[in-house]
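J.: What follows is target.txt, made up of compact mmCIF, N, CA and C atoms:
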# COMPACT_ATOMS: atom_id res chain seq x y z
N MET S 1 39.35 -25.54 -47.55
CA MET S 1 38.45 -26.11 -46.56
C MET S 1 38.77 -25.47 -45.20
N PRO S 2 37.74 -25.06 -44.44
CA PRO S 2 37.99 -24.43 -43.14
C PRO S 2 38.68 -25.39 -42.17
N LYS S 3 39.55 -24.82 -41.36
CA LYS S 3 40.25 -25.61 -40.35
C LYS S 3 39.26 -26.04 -39.26
N ALA S 4 39.39 -27.26 -38.79
CA ALA S 4 38.51 -27.78 -37.74
C ALA S 4 38.74 -27.02 -36.44
N VAL S 5 37.68 -26.79 -35.72
CA VAL S 5 37.76 -26.11 -34.44
C VAL S 5 38.23 -27.10 -33.39
N GLU S 6 39.32 -26.75 -32.70
CA GLU S 6 39.89 -27.67 -31.70
C GLU S 6 39.05 -27.73 -30.44
N LYS S 7 38.67 -26.58 -29.92
CA LYS S 7 37.87 -26.55 -28.69
C LYS S 7 36.74 -25.56 -28.89
N ARG S 8 35.54 -26.04 -28.67
CA ARG S 8 34.39 -25.16 -28.83
C ARG S 8 34.15 -24.38 -27.53
N ALA S 9 33.75 -23.13 -27.67
CA ALA S 9 33.46 -22.27 -26.51
C ALA S 9 32.11 -22.64 -25.93
N LYS S 10 32.06 -22.74 -24.59
CA LYS S 10 30.79 -23.02 -23.89
C LYS S 10 30.03 -21.71 -23.75
N ILE S 11 28.86 -21.68 -24.36
CA ILE S 11 28.07 -20.45 -24.45
C ILE S 11 26.77 -20.60 -23.68
N GLY S 12 26.37 -19.52 -23.02
CA GLY S 12 25.05 -19.43 -22.40
C GLY S 12 24.29 -18.27 -22.99
N VAL S 13 23.01 -18.46 -23.22
CA VAL S 13 22.14 -17.37 -23.67
C VAL S 13 21.10 -17.16 -22.57
N LEU S 14 21.22 -16.04 -21.88
CA LEU S 14 20.30 -15.69 -20.81
C LEU S 14 19.16 -14.87 -21.41
N GLY S 15 17.96 -15.35 -21.25
CA GLY S 15 16.82 -14.72 -21.90
C GLY S 15 16.58 -15.31 -23.28
N ALA S 16 16.82 -16.60 -23.42
CA ALA S 16 16.76 -17.27 -24.72
C ALA S 16 15.37 -17.34 -25.32
N SER S 17 14.32 -17.25 -24.51
CA SER S 17 12.97 -17.41 -25.04
C SER S 17 12.36 -16.11 -25.59
N GLY S 18 13.07 -15.00 -25.43
CA GLY S 18 12.62 -13.75 -26.03
C GLY S 18 13.07 -13.68 -27.48
N TYR S 19 12.56 -12.72 -28.22
CA TYR S 19 12.90 -12.64 -29.64
C TYR S 19 14.38 -12.36 -29.86
N THR S 20 14.99 -11.50 -29.06
CA THR S 20 16.41 -11.22 -29.21
C THR S 20 17.23 -12.46 -28.88
N GLY S 21 16.92 -13.13 -27.78
CA GLY S 21 17.64 -14.34 -27.39
C GLY S 21 17.49 -15.44 -28.42
N ALA S 22 16.30 -15.61 -28.97
CA ALA S 22 16.06 -16.65 -29.97
C ALA S 22 16.82 -16.36 -31.25
N GLU S 23 16.85 -15.12 -31.68
CA GLU S 23 17.60 -14.77 -32.89
C GLU S 23 19.09 -14.97 -32.66
N LEU S 24 19.58 -14.60 -31.51
CA LEU S 24 20.98 -14.83 -31.17
C LEU S 24 21.29 -16.32 -31.19
N LEU S 25 20.42 -17.13 -30.61
CA LEU S 25 20.61 -18.58 -30.61
C LEU S 25 20.65 -19.11 -32.04
N ARG S 26 19.76 -18.63 -32.89
CA ARG S 26 19.75 -19.07 -34.29
C ARG S 26 21.10 -18.81 -34.96
N LEU S 27 21.67 -17.65 -34.70
CA LEU S 27 22.97 -17.31 -35.28
C LEU S 27 24.09 -18.16 -34.68
N LEU S 28 24.05 -18.36 -33.37
CA LEU S 28 25.09 -19.15 -32.70
C LEU S 28 25.11 -20.60 -33.16
N LEU S 29 23.95 -21.15 -33.47
CA LEU S 29 23.87 -22.54 -33.92
C LEU S 29 24.59 -22.77 -35.25
N ARG S 30 24.84 -21.72 -35.98
CA ARG S 30 25.56 -21.82 -37.26
C ARG S 30 27.07 -21.72 -37.09
N HIS S 31 27.52 -21.40 -35.90
CA HIS S 31 28.95 -21.21 -35.66
C HIS S 31 29.59 -22.52 -35.22
N PRO S 32 30.64 -22.96 -35.92
CA PRO S 32 31.26 -24.26 -35.59
C PRO S 32 32.05 -24.26 -34.29
N GLY S 33 32.39 -23.08 -33.77
CA GLY S 33 33.21 -23.01 -32.56
C GLY S 33 32.42 -22.84 -31.29
N VAL S 34 31.12 -23.12 -31.34
CA VAL S 34 30.23 -22.85 -30.22
C VAL S 34 29.54 -24.13 -29.74
N GLU S 35 29.48 -24.28 -28.42
CA GLU S 35 28.66 -25.31 -27.78
C GLU S 35 27.62 -24.58 -26.94
N ILE S 36 26.36 -24.76 -27.24
CA ILE S 36 25.30 -24.14 -26.45
C ILE S 36 25.14 -24.95 -25.18
N ALA S 37 25.60 -24.40 -24.07
CA ALA S 37 25.63 -25.13 -22.80
C ALA S 37 24.49 -24.73 -21.86
N LEU S 38 23.95 -23.52 -22.04
CA LEU S 38 22.93 -23.02 -21.11
C LEU S 38 21.97 -22.10 -21.83
N LEU S 39 20.69 -22.30 -21.56
CA LEU S 39 19.63 -21.41 -22.04
C LEU S 39 18.73 -21.09 -20.85
N THR S 40 18.47 -19.80 -20.63
CA THR S 40 17.58 -19.44 -19.52
C THR S 40 16.33 -18.74 -20.04
N ALA S 41 15.27 -18.89 -19.27
CA ALA S 41 14.00 -18.21 -19.54
C ALA S 41 13.17 -18.32 -18.28
N GLU S 42 12.77 -17.21 -17.73
CA GLU S 42 12.04 -17.24 -16.46
C GLU S 42 10.65 -17.87 -16.60
N ARG S 43 9.84 -17.36 -17.50
CA ARG S 43 8.46 -17.87 -17.63
C ARG S 43 8.39 -19.21 -18.35
N ARG S 44 9.42 -19.55 -19.09
CA ARG S 44 9.42 -20.80 -19.87
C ARG S 44 10.34 -21.86 -19.27
N ALA S 45 10.82 -21.64 -18.06
CA ALA S 45 11.74 -22.59 -17.41
C ALA S 45 11.13 -23.99 -17.40
N GLY S 46 11.97 -24.98 -17.71
CA GLY S 46 11.53 -26.37 -17.74
C GLY S 46 11.09 -26.83 -19.12
N GLN S 47 10.86 -25.89 -20.03
CA GLN S 47 10.46 -26.24 -21.39
C GLN S 47 11.69 -26.38 -22.28
N HIS S 48 11.48 -26.95 -23.45
CA HIS S 48 12.51 -27.00 -24.48
C HIS S 48 12.30 -25.82 -25.43
N MET S 49 13.36 -25.36 -26.04
CA MET S 49 13.25 -24.26 -27.00
C MET S 49 12.28 -24.61 -28.12
N ARG S 50 12.23 -25.87 -28.54
CA ARG S 50 11.33 -26.28 -29.62
C ARG S 50 9.85 -26.08 -29.25
N GLN S 51 9.56 -26.05 -27.95
CA GLN S 51 8.19 -25.79 -27.50
C GLN S 51 7.85 -24.30 -27.59
N VAL S 52 8.85 -23.48 -27.48
CA VAL S 52 8.66 -22.03 -27.55
C VAL S 52 8.75 -21.55 -28.99
N PHE S 53 9.77 -22.03 -29.70
CA PHE S 53 9.99 -21.70 -31.11
C PHE S 53 10.22 -23.00 -31.86
N PRO S 54 9.24 -23.47 -32.63
CA PRO S 54 9.35 -24.77 -33.31
C PRO S 54 10.54 -24.89 -34.26
N GLN S 55 11.08 -23.77 -34.73
CA GLN S 55 12.22 -23.86 -35.65
C GLN S 55 13.46 -24.47 -35.00
N PHE S 56 13.48 -24.58 -33.68
CA PHE S 56 14.62 -25.19 -33.00
C PHE S 56 14.45 -26.70 -32.80
N SER S 57 13.39 -27.28 -33.34
CA SER S 57 13.14 -28.72 -33.19
C SER S 57 14.29 -29.61 -33.64
N PRO S 58 15.02 -29.29 -34.71
CA PRO S 58 16.09 -30.20 -35.15
C PRO S 58 17.32 -30.23 -34.24
N TYR S 59 17.40 -29.33 -33.28
CA TYR S 59 18.62 -29.19 -32.48
C TYR S 59 18.48 -29.81 -31.10
N ALA S 60 19.56 -30.44 -30.65
CA ALA S 60 19.61 -30.98 -29.29
C ALA S 60 20.12 -29.87 -28.38
N LEU S 61 19.20 -29.18 -27.74
CA LEU S 61 19.54 -28.03 -26.90
C LEU S 61 19.18 -28.34 -25.45
N PRO S 62 19.90 -27.70 -24.52
CA PRO S 62 19.54 -27.90 -23.11
C PRO S 62 18.16 -27.30 -22.82
N LYS S 63 17.50 -27.84 -21.81
CA LYS S 63 16.21 -27.29 -21.38
C LYS S 63 16.41 -25.88 -20.85
N LEU S 64 15.38 -25.09 -20.96
CA LEU S 64 15.40 -23.73 -20.41
C LEU S 64 15.37 -23.79 -18.89
N LEU S 65 16.24 -23.00 -18.27
CA LEU S 65 16.31 -22.93 -16.81
C LEU S 65 15.96 -21.53 -16.34
N ALA S 66 15.42 -21.43 -15.15
CA ALA S 66 15.28 -20.13 -14.50
C ALA S 66 16.68 -19.70 -14.03
N ILE S 67 16.97 -18.44 -14.09
CA ILE S 67 18.31 -17.96 -13.71
C ILE S 67 18.66 -18.36 -12.28
N ASP S 68 17.70 -18.30 -11.38
CA ASP S 68 17.96 -18.68 -9.98
C ASP S 68 18.35 -20.14 -9.83
N ALA S 69 18.03 -20.97 -10.80
CA ALA S 69 18.35 -22.40 -10.74
C ALA S 69 19.71 -22.74 -11.33
N VAL S 70 20.39 -21.76 -11.90
CA VAL S 70 21.67 -22.02 -12.58
C VAL S 70 22.79 -22.16 -11.55
N ASP S 71 23.57 -23.21 -11.70
CA ASP S 71 24.80 -23.40 -10.93
C ASP S 71 25.93 -22.89 -11.82
N TRP S 72 26.33 -21.65 -11.61
CA TRP S 72 27.31 -21.01 -12.48
C TRP S 72 28.63 -21.76 -12.51
N LYS S 73 29.09 -22.24 -11.36
CA LYS S 73 30.37 -22.98 -11.33
C LYS S 73 30.28 -24.25 -12.16
N ALA S 74 29.20 -24.98 -12.04
CA ALA S 74 29.03 -26.22 -12.81
C ALA S 74 28.94 -25.92 -14.30
N GLN S 75 28.32 -24.82 -14.66
CA GLN S 75 28.20 -24.45 -16.08
C GLN S 75 29.56 -24.07 -16.66
N ALA S 76 30.38 -23.36 -15.89
CA ALA S 76 31.72 -22.93 -16.32
C ALA S 76 31.71 -22.37 -17.74
N LEU S 77 30.85 -21.39 -17.97
CA LEU S 77 30.72 -20.80 -19.30
C LEU S 77 31.96 -20.02 -19.69
N ASP S 78 32.29 -20.06 -20.97
CA ASP S 78 33.34 -19.21 -21.52
C ASP S 78 32.75 -17.84 -21.85
N LEU S 79 31.50 -17.84 -22.31
CA LEU S 79 30.85 -16.61 -22.75
C LEU S 79 29.36 -16.68 -22.45
N ALA S 80 28.83 -15.60 -21.89
CA ALA S 80 27.40 -15.50 -21.62
C ALA S 80 26.84 -14.31 -22.39
N PHE S 81 25.83 -14.57 -23.20
CA PHE S 81 25.10 -13.50 -23.87
C PHE S 81 23.87 -13.20 -23.04
N CYS S 82 23.66 -11.94 -22.71
CA CYS S 82 22.50 -11.54 -21.91
C CYS S 82 21.50 -10.81 -22.79
N ALA S 83 20.36 -11.45 -23.01
CA ALA S 83 19.26 -10.87 -23.77
C ALA S 83 18.09 -10.70 -22.80
N LEU S 84 18.39 -10.05 -21.70
CA LEU S 84 17.44 -9.92 -20.59
C LEU S 84 16.79 -8.54 -20.59
N PRO S 85 15.65 -8.40 -19.93
CA PRO S 85 15.02 -7.08 -19.82
C PRO S 85 15.93 -6.08 -19.09
N HIS S 86 15.67 -4.80 -19.33
CA HIS S 86 16.46 -3.74 -18.71
C HIS S 86 16.54 -3.92 -17.19
N ALA S 87 17.71 -3.66 -16.65
CA ALA S 87 18.03 -3.70 -15.22
C ALA S 87 18.11 -5.11 -14.65
N THR S 88 18.03 -6.12 -15.50
CA THR S 88 18.12 -7.50 -15.03
C THR S 88 19.56 -8.01 -15.08
N THR S 89 20.28 -7.71 -16.15
CA THR S 89 21.65 -8.19 -16.29
C THR S 89 22.52 -7.73 -15.13
N GLN S 90 22.37 -6.48 -14.72
CA GLN S 90 23.23 -5.95 -13.66
C GLN S 90 23.06 -6.69 -12.34
N THR S 91 21.93 -7.32 -12.10
CA THR S 91 21.77 -8.10 -10.87
C THR S 91 22.27 -9.52 -11.05
N VAL S 92 22.11 -10.09 -12.23
CA VAL S 92 22.51 -11.47 -12.52
C VAL S 92 24.03 -11.60 -12.65
N ILE S 93 24.64 -10.62 -13.27
CA ILE S 93 26.05 -10.72 -13.63
C ILE S 93 26.98 -10.81 -12.41
N ASN S 94 26.59 -10.21 -11.31
CA ASN S 94 27.43 -10.30 -10.10
C ASN S 94 27.60 -11.74 -9.65
N ASP S 95 26.50 -12.51 -9.62
CA ASP S 95 26.58 -13.92 -9.22
C ASP S 95 27.39 -14.73 -10.22
N LEU S 96 27.16 -14.50 -11.50
CA LEU S 96 27.88 -15.23 -12.54
C LEU S 96 29.38 -15.02 -12.42
N LEU S 97 29.80 -13.76 -12.36
CA LEU S 97 31.24 -13.45 -12.33
C LEU S 97 31.89 -13.80 -10.99
N ALA S 98 31.12 -13.81 -9.92
CA ALA S 98 31.67 -14.25 -8.63
C ALA S 98 32.00 -15.74 -8.68
N ALA S 99 31.17 -16.50 -9.37
CA ALA S 99 31.37 -17.95 -9.46
C ALA S 99 32.42 -18.32 -10.49
N VAL S 100 32.41 -17.64 -11.64
CA VAL S 100 33.33 -17.97 -12.74
C VAL S 100 33.87 -16.66 -13.31
N PRO S 101 34.90 -16.07 -12.67
CA PRO S 101 35.40 -14.75 -13.08
C PRO S 101 35.92 -14.67 -14.51
N ARG S 102 36.34 -15.79 -15.07
CA ARG S 102 36.90 -15.76 -16.44
C ARG S 102 35.83 -15.65 -17.52
N THR S 103 34.55 -15.82 -17.14
CA THR S 103 33.47 -15.74 -18.13
C THR S 103 33.40 -14.34 -18.72
N LYS S 104 33.33 -14.27 -20.03
CA LYS S 104 33.12 -13.00 -20.73
C LYS S 104 31.61 -12.83 -20.90
N VAL S 105 31.15 -11.59 -20.82
CA VAL S 105 29.72 -11.30 -20.89
C VAL S 105 29.47 -10.29 -22.01
N VAL S 106 28.49 -10.60 -22.85
CA VAL S 106 28.01 -9.67 -23.86
C VAL S 106 26.57 -9.35 -23.48
N ASP S 107 26.33 -8.11 -23.09
CA ASP S 107 24.99 -7.69 -22.66
C ASP S 107 24.33 -6.92 -23.79
N LEU S 108 23.14 -7.34 -24.17
CA LEU S 108 22.43 -6.69 -25.26
C LEU S 108 21.44 -5.63 -24.77
N SER S 109 21.39 -5.39 -23.48
CA SER S 109 20.49 -4.36 -22.92
C SER S 109 21.26 -3.05 -22.74
N ALA S 110 20.61 -2.10 -22.11
CA ALA S 110 21.24 -0.81 -21.84
C ALA S 110 21.90 -0.77 -20.47
N ASP S 111 21.97 -1.89 -19.78
CA ASP S 111 22.44 -1.90 -18.39
C ASP S 111 23.85 -1.35 -18.20
N PHE S 112 24.70 -1.51 -19.19
CA PHE S 112 26.08 -1.04 -19.05
C PHE S 112 26.44 -0.01 -20.12
N ARG S 113 25.43 0.67 -20.62
CA ARG S 113 25.64 1.66 -21.67
C ARG S 113 26.38 2.90 -21.17
N LEU S 114 26.06 3.34 -19.96
CA LEU S 114 26.67 4.55 -19.41
C LEU S 114 27.67 4.20 -18.32
N ALA S 115 28.90 4.70 -18.45
CA ALA S 115 29.94 4.41 -17.46
C ALA S 115 29.77 5.22 -16.17
N ASP S 116 29.18 6.37 -16.28
CA ASP S 116 29.01 7.26 -15.13
C ASP S 116 27.75 6.85 -14.36
N THR S 117 27.92 6.43 -13.10
CA THR S 117 26.78 5.94 -12.32
C THR S 117 25.75 7.04 -12.04
N ALA S 118 26.20 8.28 -11.88
CA ALA S 118 25.26 9.38 -11.66
C ALA S 118 24.43 9.63 -12.91
N ALA S 119 25.06 9.58 -14.07
CA ALA S 119 24.33 9.75 -15.33
C ALA S 119 23.34 8.60 -15.53
N TYR S 120 23.75 7.40 -15.17
CA TYR S 120 22.85 6.24 -15.28
C TYR S 120 21.59 6.47 -14.44
N ALA S 121 21.78 6.89 -13.19
CA ALA S 121 20.64 7.13 -12.29
C ALA S 121 19.72 8.23 -12.83
N ARG S 122 20.31 9.29 -13.40
CA ARG S 122 19.50 10.37 -13.97
C ARG S 122 18.67 9.88 -15.15
N TRP S 123 19.30 9.13 -16.05
CA TRP S 123 18.62 8.68 -17.27
C TRP S 123 17.58 7.60 -17.02
N TYR S 124 17.90 6.66 -16.13
CA TYR S 124 17.03 5.49 -15.96
C TYR S 124 16.19 5.53 -14.70
N GLY S 125 16.39 6.53 -13.84
CA GLY S 125 15.53 6.71 -12.68
C GLY S 125 15.76 5.74 -11.53
N HIS S 126 16.90 5.05 -11.53
CA HIS S 126 17.25 4.16 -10.41
C HIS S 126 18.76 3.96 -10.40
N GLU S 127 19.26 3.59 -9.23
CA GLU S 127 20.69 3.35 -9.08
C GLU S 127 21.09 2.08 -9.82
N HIS S 128 22.32 2.03 -10.28
CA HIS S 128 22.86 0.83 -10.93
C HIS S 128 23.21 -0.18 -9.85
N HIS S 129 22.89 -1.46 -10.09
CA HIS S 129 23.11 -2.51 -9.10
C HIS S 129 24.48 -3.18 -9.19
N ALA S 130 25.29 -2.77 -10.17
CA ALA S 130 26.64 -3.32 -10.30
C ALA S 130 27.60 -2.21 -10.72
N PRO S 131 27.71 -1.15 -9.89
CA PRO S 131 28.53 0.00 -10.29
C PRO S 131 30.00 -0.34 -10.51
N GLY S 132 30.53 -1.30 -9.78
CA GLY S 132 31.93 -1.69 -9.99
C GLY S 132 32.16 -2.27 -11.37
N LEU S 133 31.20 -3.02 -11.85
CA LEU S 133 31.31 -3.60 -13.19
C LEU S 133 31.02 -2.58 -14.28
N GLN S 134 30.21 -1.60 -13.95
CA GLN S 134 29.85 -0.59 -14.93
C GLN S 134 31.09 0.16 -15.43
N LYS S 135 32.04 0.38 -14.55
CA LYS S 135 33.26 1.09 -14.93
C LYS S 135 34.16 0.24 -15.84
N GLU S 136 34.03 -1.10 -15.77
CA GLU S 136 34.83 -2.00 -16.60
C GLU S 136 34.20 -2.26 -17.97
N ALA S 137 32.91 -2.00 -18.09
CA ALA S 137 32.18 -2.36 -19.30
C ALA S 137 32.64 -1.54 -20.50
N VAL S 138 32.59 -2.18 -21.66
CA VAL S 138 32.89 -1.51 -22.92
C VAL S 138 31.60 -1.48 -23.71
N TYR S 139 31.22 -0.31 -24.18
CA TYR S 139 29.98 -0.17 -24.94
C TYR S 139 30.32 0.20 -26.37
N GLY S 140 29.65 -0.40 -27.30
CA GLY S 140 29.90 -0.07 -28.69
C GLY S 140 28.68 -0.29 -29.55
N LEU S 141 28.65 0.40 -30.66
CA LEU S 141 27.59 0.24 -31.65
C LEU S 141 28.24 -0.23 -32.95
N PRO S 142 27.54 -1.08 -33.70
CA PRO S 142 28.11 -1.53 -34.98
C PRO S 142 28.15 -0.42 -35.99
Is it possible to give me this structure as structure tokens?
T.:
Amino acid sequence: MPKAVEKRAKIGVLGASGYTGAELLRLLLRHPGVEIALLTAERRAGQHMRQVFPQFSPYALPKLLAIDAVDWKAQALDLAFCALPHATTQTVINDLLAAVPRTKVVDLSADFRLADTAAYARWYGHEHHAPGLQKEAVYGLP
């Protein structure tokens, strides 16, 4: 029999109403060591996930919030998954980590794919908005 989880990790899914965020949420709900503490969605803010995706009806989930409405310190997330559009995570992550530096971030976009800021600007046609964090990021493929 599996050992009981002593403390569940507080998880946030940023961009939860998109297909990537919703699939990630579906997987996280099966994990016994996870507490879904925050779900964000810009256009769906104020709604419940069950209104966006009916398959989430059986779950007691927090309402979707706009990112600008999140109080990062109050949330005190252990881990934030970012399923946000390209170039969005790099602007959001600075506020999150300034408020709660211990939060680990898993970004599913290309925002931190390239460590070299000059290469990033060449490939994506704009400067990176979090170059200090870009050098710390670890990128990997399964």
J.: DSSP on the backbone: what in chain S comes out strand (DSSP E or B), as JSON, numbers by chain?
T.: {"S": [9, 10, 11, 12, 13, 14, 34, 35, 36, 37, 38, 39, 40, 64, 65, 79, 80, 81, 82, 104, 105, 106, 107]}
J.: Which is closer to Thr103 (chain S) than all the others in S:Glu42, S:Asp116, S:Glu136, S:Asp78, using all atoms listed in the file?
T.: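 Nearest to Thr103 (chain S): S:Asp78.
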J.: From the set S:Phe53, S:Phe112, S:Phe81, S:Tyr19, which residue has the shortest atom-to-atom contact distance to His129 (chain S), counting only C-alpha atoms?
T.: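 Ranked by minimum distance to His129 (chain S), first place goes to S:Phe112.
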J.: List every residue of region 17-56 of chain S that DSSP, applied to the backbone of this structure, places in alpha helix (DSSP H), and write the result as a list in words.
T.: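 After running DSSP on the backbone, region 17-56 of chain S has alpha helix (DSSP H) at Tyr19, Thr20, Gly21, Ala22, Glu23, Leu24, Leu25, Arg26, Leu27, Leu28, Met49, Arg50, Gln51 and Val52 of chain S.
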J.: Could you please determine the separation between CA of Met49 (chain S) and atom C of Gly140 (chain S) in Å, to one decimal place?
T.: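 Rounded to one decimal, the two atoms are 28.6 Å apart.
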J.: Have a look at atom N of Ala9 (chain S) and CA of Glu35 (chain S) and let me know their distance in Å, one decimal.
T.: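 Separation between atom N of Ala9 (chain S) and CA of Glu35 (chain S): 5.5 Å.
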